[in-house]
$ cat protein_37.cif   # mmCIF, C-alpha atoms (C1' of nucleotides)
data_final
loop_
_atom_site.label_atom_id
_atom_site.label_comp_id
_atom_site.auth_asym_id
_atom_site.auth_seq_id
_atom_site.Cartn_x
_atom_site.Cartn_y
_atom_site.Cartn_z
CA MET Q 219 0.00 0.00 0.00
CA ALA Q 220 1.02 3.57 -0.59
CA ARG Q 221 1.24 6.19 2.13
CA ASN Q 222 -2.11 7.83 2.76
CA ILE Q 223 -1.47 11.50 2.04
CA PRO Q 224 -5.18 12.47 1.88
CA ILE Q 225 -5.59 11.57 5.57
CA LYS Q 226 -2.49 13.54 6.47
CA VAL Q 227 -3.85 16.56 4.59
CA ALA Q 228 -7.38 16.29 6.03
CA ARG Q 229 -5.86 15.96 9.49
CA ALA Q 230 -3.79 19.08 8.91
CA GLU Q 231 -6.91 20.95 7.78
CA LYS Q 232 -8.53 20.07 11.11
CA ASP Q 233 -5.26 20.83 12.91
CA MET Q 234 -5.35 17.43 14.57
CA THR Q 235 -2.43 15.33 15.75
CA GLN Q 236 -2.25 11.59 14.97
CA LYS Q 237 -2.86 10.98 18.66
CA ALA Q 238 -5.91 13.26 18.73
CA LEU Q 239 -7.40 11.63 15.63
CA ALA Q 240 -6.72 8.17 17.04
CA GLU Q 241 -8.53 9.08 20.26
CA ALA Q 242 -11.45 10.68 18.40
CA VAL Q 243 -11.83 7.46 16.45
CA GLY Q 244 -11.17 5.10 19.34
CA ILE Q 245 -7.99 3.38 18.18
CA SER Q 246 -4.35 3.44 19.26
CA ARG Q 247 -1.88 6.05 18.07
CA GLN Q 248 0.28 3.34 16.52
CA THR Q 249 -2.61 2.03 14.45
CA MET Q 250 -3.41 5.52 13.19
CA ASN Q 251 0.22 6.03 12.29
CA ALA Q 252 0.37 2.69 10.49
CA ILE Q 253 -2.74 3.54 8.49
CA GLU Q 254 -1.20 6.84 7.40
CA GLN Q 255 2.01 5.01 6.53
CA GLY Q 256 -0.07 2.62 4.44
CA GLU Q 257 1.26 -0.36 6.33
CA TYR Q 258 -1.97 -2.30 6.50
CA ASN Q 259 -5.64 -2.48 5.66
CA PRO Q 260 -8.02 -0.98 8.15
CA THR Q 261 -11.56 -2.22 8.55
CA ILE Q 262 -14.30 -0.45 6.59
CA LYS Q 263 -15.98 0.48 9.86
CA LEU Q 264 -12.80 2.17 11.04
CA CYS Q 265 -12.44 3.92 7.69
CA ARG Q 266 -15.95 5.30 8.05
CA SER Q 267 -15.13 6.58 11.54
CA ILE Q 268 -12.06 8.38 10.24
CA CYS Q 269 -14.11 9.87 7.40
CA ARG Q 270 -16.73 11.19 9.80
CA VAL Q 271 -14.19 12.80 12.11
CA LEU Q 272 -12.32 14.40 9.22
CA GLY Q 273 -15.44 15.31 7.26
CA LYS Q 274 -14.39 13.46 4.14
CA SER Q 275 -15.82 10.67 2.03
CA LEU Q 276 -14.52 7.12 1.66
CA ASP Q 277 -13.57 7.88 -1.92
CA GLU Q 278 -11.62 10.96 -0.86
CA LEU Q 279 -9.59 9.22 1.84
CA PHE Q 280 -9.44 5.53 0.94
CA TRP Q 281 -9.71 4.98 -2.78
CA GLU Q 282 -6.69 3.68 -4.68
CA ASP Q 283 -6.68 3.25 -8.43
CA GLU Q 284 -4.15 0.44 -8.51
CA GLU Q 285 -3.78 -2.05 -5.72
CA GLN Q 286 -0.25 -3.23 -4.89
CA GLU Q 287 0.17 -6.97 -5.25
CA GLY Q 288 0.80 -9.13 -2.17
CA MET C 120 -24.50 -3.36 10.55
CA ALA C 121 -27.33 -3.22 8.08
CA ARG C 122 -27.69 -5.54 5.11
CA ASN C 123 -25.76 -4.28 2.12
CA ILE C 124 -28.42 -3.82 -0.55
CA PRO C 125 -26.21 -1.74 -2.89
CA ILE C 126 -23.88 -4.71 -3.39
CA LYS C 127 -26.83 -6.98 -4.05
CA VAL C 128 -28.16 -4.52 -6.65
CA ALA C 129 -24.78 -3.96 -8.32
CA ARG C 130 -24.28 -7.72 -8.44
CA ALA C 131 -27.67 -8.13 -10.08
CA GLU C 132 -26.76 -5.48 -12.65
CA LYS C 133 -23.71 -7.53 -13.58
CA ASP C 134 -25.78 -10.72 -13.40
CA MET C 135 -23.27 -12.26 -11.03
CA THR C 136 -23.85 -14.87 -8.37
CA GLN C 137 -22.42 -14.48 -4.86
CA LYS C 138 -20.08 -17.34 -5.68
CA ALA C 139 -18.93 -15.71 -8.92
CA LEU C 140 -18.30 -12.38 -7.21
CA ALA C 141 -16.45 -14.10 -4.39
CA GLU C 142 -14.20 -15.88 -6.87
CA ALA C 143 -13.60 -12.72 -8.91
CA VAL C 144 -12.50 -11.00 -5.73
CA GLY C 145 -10.58 -13.94 -4.29
CA ILE C 146 -12.57 -14.66 -1.14
CA SER C 147 -14.86 -17.44 0.00
CA ARG C 148 -18.53 -17.59 -0.86
CA GLN C 149 -19.43 -17.50 2.83
CA THR C 150 -17.49 -14.29 3.38
CA MET C 151 -19.20 -12.65 0.42
CA ASN C 152 -22.55 -13.73 1.76
CA ALA C 153 -21.73 -12.42 5.23
CA ILE C 154 -20.69 -9.06 3.82
CA GLU C 155 -23.97 -8.78 1.94
CA GLN C 156 -25.82 -9.77 5.10
CA GLY C 157 -23.91 -7.02 6.92
CA GLU C 158 -22.59 -9.46 9.48
CA TYR C 159 -19.10 -8.03 9.74
CA ASN C 160 -16.62 -5.41 8.62
CA PRO C 161 -14.55 -6.27 5.60
CA THR C 162 -11.10 -4.86 5.06
CA ILE C 163 -10.77 -1.68 2.98
CA LYS C 164 -8.62 -3.58 0.49
CA LEU C 165 -11.37 -6.14 0.03
CA CYS C 166 -13.95 -3.36 -0.31
CA ARG C 167 -11.88 -1.79 -3.08
CA SER C 168 -11.68 -5.16 -4.88
CA ILE C 169 -15.44 -5.53 -4.75
CA CYS C 170 -15.87 -1.98 -6.04
CA ARG C 171 -13.56 -2.61 -8.99
CA VAL C 172 -15.32 -5.82 -10.00
CA LEU C 173 -18.76 -4.24 -9.72
CA GLY C 174 -17.72 -0.91 -11.24
CA LYS C 175 -18.88 1.13 -8.27
CA SER C 176 -17.26 3.55 -5.82
CA LEU C 177 -16.57 3.01 -2.13
CA ASP C 178 -19.18 5.63 -1.31
CA GLU C 179 -21.78 3.87 -3.46
CA LEU C 180 -21.26 0.43 -1.93
CA PHE C 181 -19.87 0.95 1.57
CA TRP C 182 -20.94 4.27 3.03
CA GLU C 183 -23.33 4.26 5.99
CA ASP C 184 -24.69 7.48 7.46
CA GLU C 185 -25.17 6.14 10.96
CA GLU C 186 -23.02 3.42 12.43
CA GLN C 187 -24.75 0.88 14.66
CA GLU C 188 -23.37 0.78 18.20
CA GLY C 189 -21.95 -2.33 19.81
"C1'" DA T 285 21.54 24.01 22.23
"C1'" DA T 286 18.04 22.25 24.98
"C1'" DT T 287 13.45 20.64 25.89
"C1'" DA T 288 9.16 18.78 24.70
"C1'" DA T 289 5.73 17.30 21.41
"C1'" DA T 290 4.82 14.71 17.35
"C1'" DT T 291 5.95 11.03 14.52
"C1'" DG T 292 8.04 6.53 13.03
"C1'" DT T 293 9.02 1.75 14.14
"C1'" DC T 294 9.59 -2.92 16.48
"C1'" DA T 295 8.08 -7.19 19.01
"C1'" DA T 296 4.74 -9.80 21.63
"C1'" DA T 297 -0.06 -10.34 22.89
"C1'" DT T 298 -5.01 -10.01 21.82
"C1'" DA T 299 -9.20 -9.33 19.04
"C1'" DT T 300 -11.40 -10.16 15.00
"C1'" DA T 301 -11.76 -10.97 9.87
"C1'" DT T 302 -11.69 -14.88 6.80
"C1'" DT T 303 -11.55 -19.83 5.52
"C1'" DT T 304 -13.21 -24.43 5.32
"C1'" DG T 305 -16.62 -27.87 5.56
"C1'" DA T 306 -21.06 -29.08 6.22
"C1'" DC T 307 -25.98 -28.68 6.15
"C1'" DA T 308 -30.73 -26.13 5.76
"C1'" DT T 309 -33.45 -23.16 3.04
"C1'" DT T 310 -35.06 -20.79 -0.91
"C1'" DG T 311 -35.59 -20.02 -5.80
"C1'" DT T 312 -35.81 -21.74 -10.78
"C1'" DG T 313 -36.60 -24.79 -14.40
"C1'" DT T 314 -38.33 -29.33 -16.32
"C1'" DA P 245 -43.04 -33.36 -7.61
"C1'" DC P 246 -38.25 -33.52 -8.75
"C1'" DA P 247 -33.71 -31.94 -9.39
"C1'" DC P 248 -30.35 -28.38 -9.16
"C1'" DA P 249 -28.41 -23.87 -8.44
"C1'" DA P 250 -28.18 -20.04 -5.31
"C1'" DT P 251 -28.43 -18.41 -0.81
"C1'" DG P 252 -28.31 -18.45 4.33
"C1'" DT P 253 -26.12 -20.06 8.52
"C1'" DC P 254 -23.16 -22.56 12.10
"C1'" DA P 255 -18.77 -24.15 14.40
"C1'" DA P 256 -13.84 -24.78 14.46
"C1'" DA P 257 -9.44 -23.41 12.53
"C1'" DT P 258 -6.38 -19.91 10.49
"C1'" DA P 259 -4.79 -15.34 8.98
"C1'" DT P 260 -4.45 -10.78 10.00
"C1'" DA P 261 -5.91 -6.26 12.10
"C1'" DT P 262 -5.23 -3.86 16.42
"C1'" DT P 263 -3.27 -3.09 21.06
"C1'" DT P 264 0.27 -2.27 24.35
"C1'" DG P 265 4.73 -0.86 25.74
"C1'" DA P 266 8.95 0.77 24.69
"C1'" DC P 267 12.36 3.35 22.22
"C1'" DA P 268 14.43 6.21 18.09
"C1'" DT P 269 13.82 10.07 15.17
"C1'" DT P 270 12.02 14.23 13.57
"C1'" DT P 271 9.85 18.80 14.17
"C1'" DA P 272 8.59 22.84 16.77
"C1'" DT P 273 9.48 26.17 20.60
"C1'" DT P 274 12.34 28.82 23.81
#

$ encode --input "protein_37.cif" --output "structure tokens"
Amino acid sequence: MARNIPIKVARAEKDMTQKALAEAVGISRQTMNAIEQGEYNPTIKLCRSICRVLGKSLDELFWEDEEQEG
Amino acid sequence: MARNIPIKVARAEKDMTQKALAEAVGISRQTMNAIEQGEYNPTIKLCRSICRVLGKSLDELFWEDEEQEG
DNA sequence: AATAAATGTCAAATATATTTGACATTGTGT
DNA sequence: ACACAATGTCAAATATATTTGACATTTATT
């Protein structure tokens, strides 16, 4: 997976830290960091939570045109 | 979670069976069924695969305005 | 330069998504 | 009514997302 820049940007727009976003969404700071680093696949439910907090859509934050192979 | 009608509709539009969609996406038939029944949260990567096969966006197939508690 | 906050990263443990196999039910066609 | 495909559902096993704790690095502030 590629690094998730859209989340980083949306977070900056809200002036939120990774820690703050993680708490708002109810996950650990490390998990939030890993998601932004693109290190693994979050659950759709978690993605929706992040979208709600950041005021963005799934397509805006989590779409990828090409998926990296295994 | 609520039953995922949009997937059912999009699958009908493509005239695909749950089994066929599951195979196209590389998961088991039971998992595909469970997703349509809204019984658990798939991974975002899997959601994207389903979107690509069905020619729909994440927002079209996987957005939910209100998340069910617990 | 020094201090603190924010971020990046690792390993071990835990929670949960997904698989497999099996069987019940429903829908469709003959 | 009969057969067959498609769907729904359960339990046990496996793969993987997520947590926790700890530490290194970067970035901001004084």

$ interface_residues --input "protein_37.cif" --of "chain C" --to "chain Q" --cutoff "12 Å" --atoms "all atoms listed in the file" --output "PDB file with C-alpha atoms, in the coordinates of the input"
ATOM      1  CA  MET C 120     -24.500  -3.360  10.550  1.00  0.00           C
ATOM      2  CA  ILE C 154     -20.690  -9.060   3.820  1.00  0.00           C
ATOM      3  CA  GLY C 157     -23.910  -7.020   6.920  1.00  0.00           C
ATOM      4  CA  GLU C 158     -22.590  -9.460   9.480  1.00  0.00           C
ATOM      5  CA  TYR C 159     -19.100  -8.030   9.740  1.00  0.00           C
ATOM      6  CA  ASN C 160     -16.620  -5.410   8.620  1.00  0.00           C
ATOM      7  CA  PRO C 161     -14.550  -6.270   5.600  1.00  0.00           C
ATOM      8  CA  THR C 162     -11.100  -4.860   5.060  1.00  0.00           C
ATOM      9  CA  ILE C 163     -10.770  -1.680   2.980  1.00  0.00           C
ATOM     10  CA  LYS C 164      -8.620  -3.580   0.490  1.00  0.00           C
ATOM     11  CA  LEU C 165     -11.370  -6.140   0.030  1.00  0.00           C
ATOM     12  CA  CYS C 166     -13.950  -3.360  -0.310  1.00  0.00           C
ATOM     13  CA  ARG C 167     -11.880  -1.790  -3.080  1.00  0.00           C
ATOM     14  CA  SER C 168     -11.680  -5.160  -4.880  1.00  0.00           C
ATOM     15  CA  CYS C 170     -15.870  -1.980  -6.040  1.00  0.00           C
ATOM     16  CA  ARG C 171     -13.560  -2.610  -8.990  1.00  0.00           C
ATOM     17  CA  LYS C 175     -18.880   1.130  -8.270  1.00  0.00           C
ATOM     18  CA  SER C 176     -17.260   3.550  -5.820  1.00  0.00           C
ATOM     19  CA  LEU C 177     -16.570   3.010  -2.130  1.00  0.00           C
ATOM     20  CA  ASP C 178     -19.180   5.630  -1.310  1.00  0.00           C
ATOM     21  CA  GLU C 179     -21.780   3.870  -3.460  1.00  0.00           C
ATOM     22  CA  LEU C 180     -21.260   0.430  -1.930  1.00  0.00           C
ATOM     23  CA  PHE C 181     -19.870   0.950   1.570  1.00  0.00           C
ATOM     24  CA  TRP C 182     -20.940   4.270   3.030  1.00  0.00           C
ATOM     25  CA  GLU C 183     -23.330   4.260   5.990  1.00  0.00           C
ATOM     26  CA  ASP C 184     -24.690   7.480   7.460  1.00  0.00           C
ATOM     27  CA  GLU C 185     -25.170   6.140  10.960  1.00  0.00           C
ATOM     28  CA  GLU C 186     -23.020   3.420  12.430  1.00  0.00           C
ATOM     29  CA  GLN C 187     -24.750   0.880  14.660  1.00  0.00           C
ATOM     30  CA  GLU C 188     -23.370   0.780  18.200  1.00  0.00           C
ATOM     31  CA  GLY C 189     -21.950  -2.330  19.810  1.00  0.00           C
TER      32      GLY C 189
END

$ residues_around --input "protein_37.cif" --residues "segment 264-266 of chain P" --least-positions-apart "4" --cutoff "12 Å" --atoms "only C-alpha atoms (C1' of nucleotides)" --output "PyMOL selection string"
(chain Q and resi 245-249) or (chain T and resi 293-298)

$ write_last_selection --input "protein_37.cif" --atoms "C-alpha atoms (C1' of nucleotides)" --output "PDB file, keeping the file's coordinate frame"
ATOM      1  CA  ILE Q 245      -7.990   3.380  18.180  1.00  0.00           C
ATOM      2  CA  SER Q 246      -4.350   3.440  19.260  1.00  0.00           C
ATOM      3  CA  ARG Q 247      -1.880   6.050  18.070  1.00  0.00           C
ATOM      4  CA  GLN Q 248       0.280   3.340  16.520  1.00  0.00           C
ATOM      5  CA  THR Q 249      -2.610   2.030  14.450  1.00  0.00           C
TER       6      THR Q 249
ATOM      7  C1'  DT T 293       9.020   1.750  14.140  1.00  0.00           C
ATOM      8  C1'  DC T 294       9.590  -2.920  16.480  1.00  0.00           C
ATOM      9  C1'  DA T 295       8.080  -7.190  19.010  1.00  0.00           C
ATOM     10  C1'  DA T 296       4.740  -9.800  21.630  1.00  0.00           C
ATOM     11  C1'  DA T 297      -0.060 -10.340  22.890  1.00  0.00           C
ATOM     12  C1'  DT T 298      -5.010 -10.010  21.820  1.00  0.00           C
TER      13       DT T 298
END

$ atom_distance --input "protein_37.cif" --atom1 "atom CA of Ile124 of chain C" --atom2 "atom CA of Leu173 of chain C"
13.3 Å

$ closest_residue --input "protein_37.cif" --among "P:DA261, P:DC246, P:DA255, P:DA272" --to "chain C" --atoms "only C-alpha atoms (C1' of nucleotides)"
P:DA261

$ resolve_selection --input "protein_37.cif" --expression "the PyMOL selection byres ((chain C and resi 127) around 10)" --output "PyMOL selection string"
chain C and resi 122-126+128-132+135-137+152+155-156+180

$ resolve_selection --input "protein_37.cif" --expression "the PyMOL selection byres ((chain T) within 8 of (chain Q))" --output "PyMOL selection string"
chain T and resi 290-292

$ closest_residue --input "protein_37.cif" --among "C:Ile169, C:Gly145, C:Gly174, C:Ala121" --to "DT302 of chain T" --atoms "all atoms listed in the file"
C:Gly145

$ atom_distance --input "protein_37.cif" --atom1 "atom C1' of DT314 of chain T" --atom2 "atom C1' of DA247 of chain P"
8.7 Å

$ interface_residues --input "protein_37.cif" --of "chain P" --to "chain C" --cutoff "8 Å" --atoms "all atoms listed in the file" --output "MDAnalysis selection string"
chainID P and resid 250:252

$ axis_aligned_box --input "protein_37.cif" --around "segment 292-308 of chain T" --padding-each-side "8 Å" --output "JSON"
{"center_x": -10.6, "center_y": -11.3, "center_z": 14.1, "size_x": 56.3, "size_y": 51.6, "size_z": 33.6}

$ atom_distance --input "protein_37.cif" --atom1 "atom C1' of DT300 of chain T" --atom2 "atom CA of Ala238 of chain Q"
24.3 Å

$ resolve_selection --input "protein_37.cif" --expression "the PyMOL selection byres ((chain P and resi 248) around 9)" --output "PDB file with C-alpha atoms (C1' of nucleotides), in the coordinates of the input"
ATOM      1  C1'  DT T 312     -35.810 -21.740 -10.780  1.00  0.00           C
ATOM      2  C1'  DG T 313     -36.600 -24.790 -14.400  1.00  0.00           C
TER       3       DG T 313
ATOM      4  C1'  DA P 247     -33.710 -31.940  -9.390  1.00  0.00           C
ATOM      5  C1'  DA P 249     -28.410 -23.870  -8.440  1.00  0.00           C
TER       6       DA P 249
END

$ decode --input "protein_37.cif" --residues "chain P" --atoms "N, CA and C atoms (P, O5', C5', C4', C3', O3' and C1' of nucleotides)" --output "short mmCIF file (atom, residue, chain, number, x, y, z; two decimals), in the first residue's frame"
data_model
loop_
_atom_site.label_atom_id
_atom_site.label_comp_id
_atom_site.auth_asym_id
_atom_site.auth_seq_id
_atom_site.Cartn_x
_atom_site.Cartn_y
_atom_site.Cartn_z
P DA P 245 -45.68 -31.73 -4.29
"O5'" DA P 245 -45.65 -32.62 -5.65
"C5'" DA P 245 -45.77 -34.04 -5.60
"C4'" DA P 245 -44.70 -34.65 -6.49
"C3'" DA P 245 -43.36 -34.84 -5.78
"O3'" DA P 245 -42.77 -36.05 -6.27
"C1'" DA P 245 -43.04 -33.36 -7.61
P DC P 246 -41.35 -36.59 -5.56
"O5'" DC P 246 -40.17 -36.07 -6.50
"C5'" DC P 246 -40.20 -36.39 -7.89
"C4'" DC P 246 -39.06 -35.68 -8.61
"C3'" DC P 246 -37.75 -35.67 -7.84
"O3'" DC P 246 -36.77 -36.39 -8.57
"C1'" DC P 246 -38.25 -33.52 -8.75
P DA P 247 -35.27 -36.62 -7.90
"O5'" DA P 247 -34.44 -35.43 -8.52
"C5'" DA P 247 -34.26 -35.38 -9.93
"C4'" DA P 247 -33.66 -34.06 -10.33
"C3'" DA P 247 -32.27 -33.79 -9.73
"O3'" DA P 247 -31.38 -33.46 -10.77
"C1'" DA P 247 -33.71 -31.94 -9.39
P DC P 248 -29.79 -33.42 -10.44
"O5'" DC P 248 -29.50 -31.85 -10.41
"C5'" DC P 248 -30.02 -31.02 -11.45
"C4'" DC P 248 -29.82 -29.56 -11.08
"C3'" DC P 248 -28.53 -29.29 -10.31
"O3'" DC P 248 -27.91 -28.14 -10.86
"C1'" DC P 248 -30.35 -28.38 -9.16
P DA P 249 -26.37 -27.76 -10.49
"O5'" DA P 249 -26.45 -26.17 -10.37
"C5'" DA P 249 -27.23 -25.44 -11.31
"C4'" DA P 249 -27.75 -24.18 -10.65
"C3'" DA P 249 -26.67 -23.35 -9.97
"O3'" DA P 249 -26.85 -22.00 -10.32
"C1'" DA P 249 -28.41 -23.87 -8.44
P DA P 250 -25.78 -20.87 -9.89
"O5'" DA P 250 -26.46 -20.19 -8.62
"C5'" DA P 250 -27.72 -19.56 -8.78
"C4'" DA P 250 -28.21 -19.10 -7.42
"C3'" DA P 250 -27.18 -18.33 -6.60
"O3'" DA P 250 -27.75 -17.08 -6.25
"C1'" DA P 250 -28.18 -20.04 -5.31
P DT P 251 -26.91 -16.04 -5.37
"O5'" DT P 251 -27.42 -16.36 -3.89
"C5'" DT P 251 -28.79 -16.21 -3.60
"C4'" DT P 251 -29.11 -16.76 -2.23
"C3'" DT P 251 -28.39 -16.05 -1.07
"O3'" DT P 251 -29.36 -15.44 -0.25
"C1'" DT P 251 -28.43 -18.41 -0.81
P DG P 252 -28.87 -14.46 0.92
"O5'" DG P 252 -28.91 -15.40 2.20
"C5'" DG P 252 -30.14 -15.95 2.61
"C4'" DG P 252 -29.94 -16.89 3.79
"C3'" DG P 252 -29.12 -16.32 4.95
"O3'" DG P 252 -29.87 -16.46 6.15
"C1'" DG P 252 -28.31 -18.45 4.33
P DT P 253 -29.38 -15.77 7.50
"O5'" DT P 253 -28.55 -16.92 8.23
"C5'" DT P 253 -29.15 -18.19 8.38
"C4'" DT P 253 -28.18 -19.19 8.99
"C3'" DT P 253 -27.19 -18.61 10.02
"O3'" DT P 253 -27.33 -19.34 11.22
"C1'" DT P 253 -26.12 -20.06 8.52
P DC P 254 -26.78 -18.73 12.62
"O5'" DC P 254 -25.86 -19.92 13.16
"C5'" DC P 254 -26.33 -21.26 13.05
"C4'" DC P 254 -25.17 -22.24 13.19
"C3'" DC P 254 -24.09 -21.78 14.17
"O3'" DC P 254 -23.99 -22.71 15.24
"C1'" DC P 254 -23.16 -22.56 12.10
P DA P 255 -23.01 -22.37 16.52
"O5'" DA P 255 -21.71 -23.23 16.15
"C5'" DA P 255 -21.85 -24.61 15.82
"C4'" DA P 255 -20.48 -25.21 15.59
"C3'" DA P 255 -19.42 -24.74 16.58
"O3'" DA P 255 -18.55 -25.82 16.89
"C1'" DA P 255 -18.77 -24.15 14.40
P DA P 256 -17.36 -25.64 18.01
"O5'" DA P 256 -16.04 -25.77 17.10
"C5'" DA P 256 -15.94 -26.89 16.22
"C4'" DA P 256 -14.68 -26.76 15.39
"C3'" DA P 256 -13.43 -26.35 16.18
"O3'" DA P 256 -12.32 -27.08 15.68
"C1'" DA P 256 -13.84 -24.78 14.46
P DA P 257 -10.78 -26.75 16.19
"O5'" DA P 257 -10.16 -25.95 14.96
"C5'" DA P 257 -9.96 -26.65 13.74
"C4'" DA P 257 -9.32 -25.73 12.73
"C3'" DA P 257 -7.96 -25.15 13.15
"O3'" DA P 257 -7.03 -25.31 12.08
"C1'" DA P 257 -9.44 -23.41 12.53
P DT P 258 -5.49 -24.76 12.26
"O5'" DT P 258 -5.54 -23.38 11.46
"C5'" DT P 258 -6.00 -23.38 10.11
"C4'" DT P 258 -5.93 -21.98 9.56
"C3'" DT P 258 -4.59 -21.26 9.79
"O3'" DT P 258 -4.16 -20.76 8.54
"C1'" DT P 258 -6.38 -19.91 10.49
P DA P 259 -2.76 -19.91 8.40
"O5'" DA P 259 -3.32 -18.42 8.19
"C5'" DA P 259 -4.20 -18.17 7.10
"C4'" DA P 259 -4.59 -16.71 7.09
"C3'" DA P 259 -3.42 -15.73 7.09
"O3'" DA P 259 -3.73 -14.67 6.21
"C1'" DA P 259 -4.79 -15.34 8.98
P DT P 260 -2.64 -13.48 5.92
"O5'" DT P 260 -3.21 -12.28 6.81
"C5'" DT P 260 -4.59 -11.96 6.71
"C4'" DT P 260 -4.97 -10.95 7.77
"C3'" DT P 260 -3.97 -9.82 8.00
"O3'" DT P 260 -4.71 -8.68 8.33
"C1'" DT P 260 -4.45 -10.78 10.00
P DA P 261 -4.35 -7.24 7.66
"O5'" DA P 261 -5.15 -6.22 8.60
"C5'" DA P 261 -6.56 -6.32 8.67
"C4'" DA P 261 -7.05 -6.01 10.07
"C3'" DA P 261 -6.69 -4.62 10.60
"O3'" DA P 261 -7.81 -4.11 11.28
"C1'" DA P 261 -5.91 -6.26 12.10
P DT P 262 -7.79 -2.56 11.81
"O5'" DT P 262 -7.18 -2.70 13.27
"C5'" DT P 262 -8.02 -3.23 14.29
"C4'" DT P 262 -7.28 -3.27 15.60
"C3'" DT P 262 -6.58 -1.96 16.00
"O3'" DT P 262 -7.22 -1.47 17.17
"C1'" DT P 262 -5.23 -3.86 16.42
P DT P 263 -6.52 -0.35 18.09
"O5'" DT P 263 -5.73 -1.23 19.14
"C5'" DT P 263 -6.43 -2.22 19.87
"C4'" DT P 263 -5.58 -2.73 21.02
"C3'" DT P 263 -4.96 -1.63 21.90
"O3'" DT P 263 -5.17 -1.99 23.26
"C1'" DT P 263 -3.27 -3.09 21.06
P DT P 264 -4.95 -0.84 24.39
"O5'" DT P 264 -3.50 -1.15 24.95
"C5'" DT P 264 -3.16 -2.50 25.28
"C4'" DT P 264 -1.68 -2.63 25.51
"C3'" DT P 264 -0.99 -1.42 26.16
"O3'" DT P 264 -0.43 -1.83 27.39
"C1'" DT P 264 0.27 -2.27 24.35
P DG P 265 0.22 -0.74 28.42
"O5'" DG P 265 1.78 -0.83 28.07
"C5'" DG P 265 2.40 -2.10 28.05
"C4'" DG P 265 3.83 -1.97 27.55
"C3'" DG P 265 4.56 -0.72 28.07
"O3'" DG P 265 5.86 -1.08 28.50
"C1'" DG P 265 4.73 -0.86 25.74
P DA P 266 6.82 0.03 29.23
"O5'" DA P 266 8.27 -0.26 28.65
"C5'" DA P 266 8.47 -1.24 27.64
"C4'" DA P 266 9.23 -0.64 26.47
"C3'" DA P 266 10.06 0.60 26.79
"O3'" DA P 266 11.45 0.28 26.71
"C1'" DA P 266 8.95 0.77 24.69
P DC P 267 12.59 1.42 27.07
"O5'" DC P 267 13.06 1.98 25.65
"C5'" DC P 267 13.52 1.08 24.66
"C4'" DC P 267 13.61 1.77 23.32
"C3'" DC P 267 14.41 3.08 23.33
"O3'" DC P 267 15.39 3.01 22.31
"C1'" DC P 267 12.36 3.35 22.22
P DA P 268 16.50 4.19 22.12
"O5'" DA P 268 16.23 4.66 20.62
"C5'" DA P 268 16.14 3.67 19.59
"C4'" DA P 268 15.87 4.36 18.25
"C3'" DA P 268 16.72 5.60 17.99
"O3'" DA P 268 17.06 5.66 16.62
"C1'" DA P 268 14.43 6.21 18.09
P DT P 269 17.97 6.87 16.04
"O5'" DT P 269 16.90 7.86 15.40
"C5'" DT P 269 15.98 7.36 14.42
"C4'" DT P 269 15.00 8.44 14.04
"C3'" DT P 269 15.63 9.79 13.69
"O3'" DT P 269 15.21 10.16 12.39
"C1'" DT P 269 13.82 10.07 15.17
P DT P 270 15.94 11.39 11.58
"O5'" DT P 270 14.78 12.49 11.55
"C5'" DT P 270 13.49 12.13 11.08
"C4'" DT P 270 12.45 13.05 11.65
"C3'" DT P 270 12.64 14.53 11.31
"O3'" DT P 270 11.54 14.92 10.52
"C1'" DT P 270 12.02 14.23 13.57
P DT P 271 11.53 16.38 9.75
"O5'" DT P 271 10.74 17.31 10.77
"C5'" DT P 271 9.42 16.94 11.19
"C4'" DT P 271 8.93 17.89 12.26
"C3'" DT P 271 9.22 19.37 11.98
"O3'" DT P 271 8.00 20.08 12.06
"C1'" DT P 271 9.85 18.80 14.17
P DA P 272 7.92 21.68 11.78
"O5'" DA P 272 7.78 22.27 13.26
"C5'" DA P 272 6.61 21.96 14.01
"C4'" DA P 272 6.74 22.46 15.42
"C3'" DA P 272 6.91 23.98 15.56
"O3'" DA P 272 5.96 24.44 16.51
"C1'" DA P 272 8.59 22.84 16.77
P DT P 273 5.72 26.07 16.68
"O5'" DT P 273 6.40 26.39 18.09
"C5'" DT P 273 6.48 25.35 19.07
"C4'" DT P 273 7.18 25.83 20.33
"C3'" DT P 273 7.44 27.34 20.39
"O3'" DT P 273 7.22 27.80 21.70
"C1'" DT P 273 9.48 26.17 20.60
P DT P 274 7.33 29.39 22.09
"O5'" DT P 274 8.58 29.45 23.07
"C5'" DT P 274 8.85 28.33 23.94
"C4'" DT P 274 10.18 28.58 24.67
"C3'" DT P 274 10.57 30.05 24.80
"O3'" DT P 274 10.96 30.34 26.12
"C1'" DT P 274 12.34 28.82 23.81
#
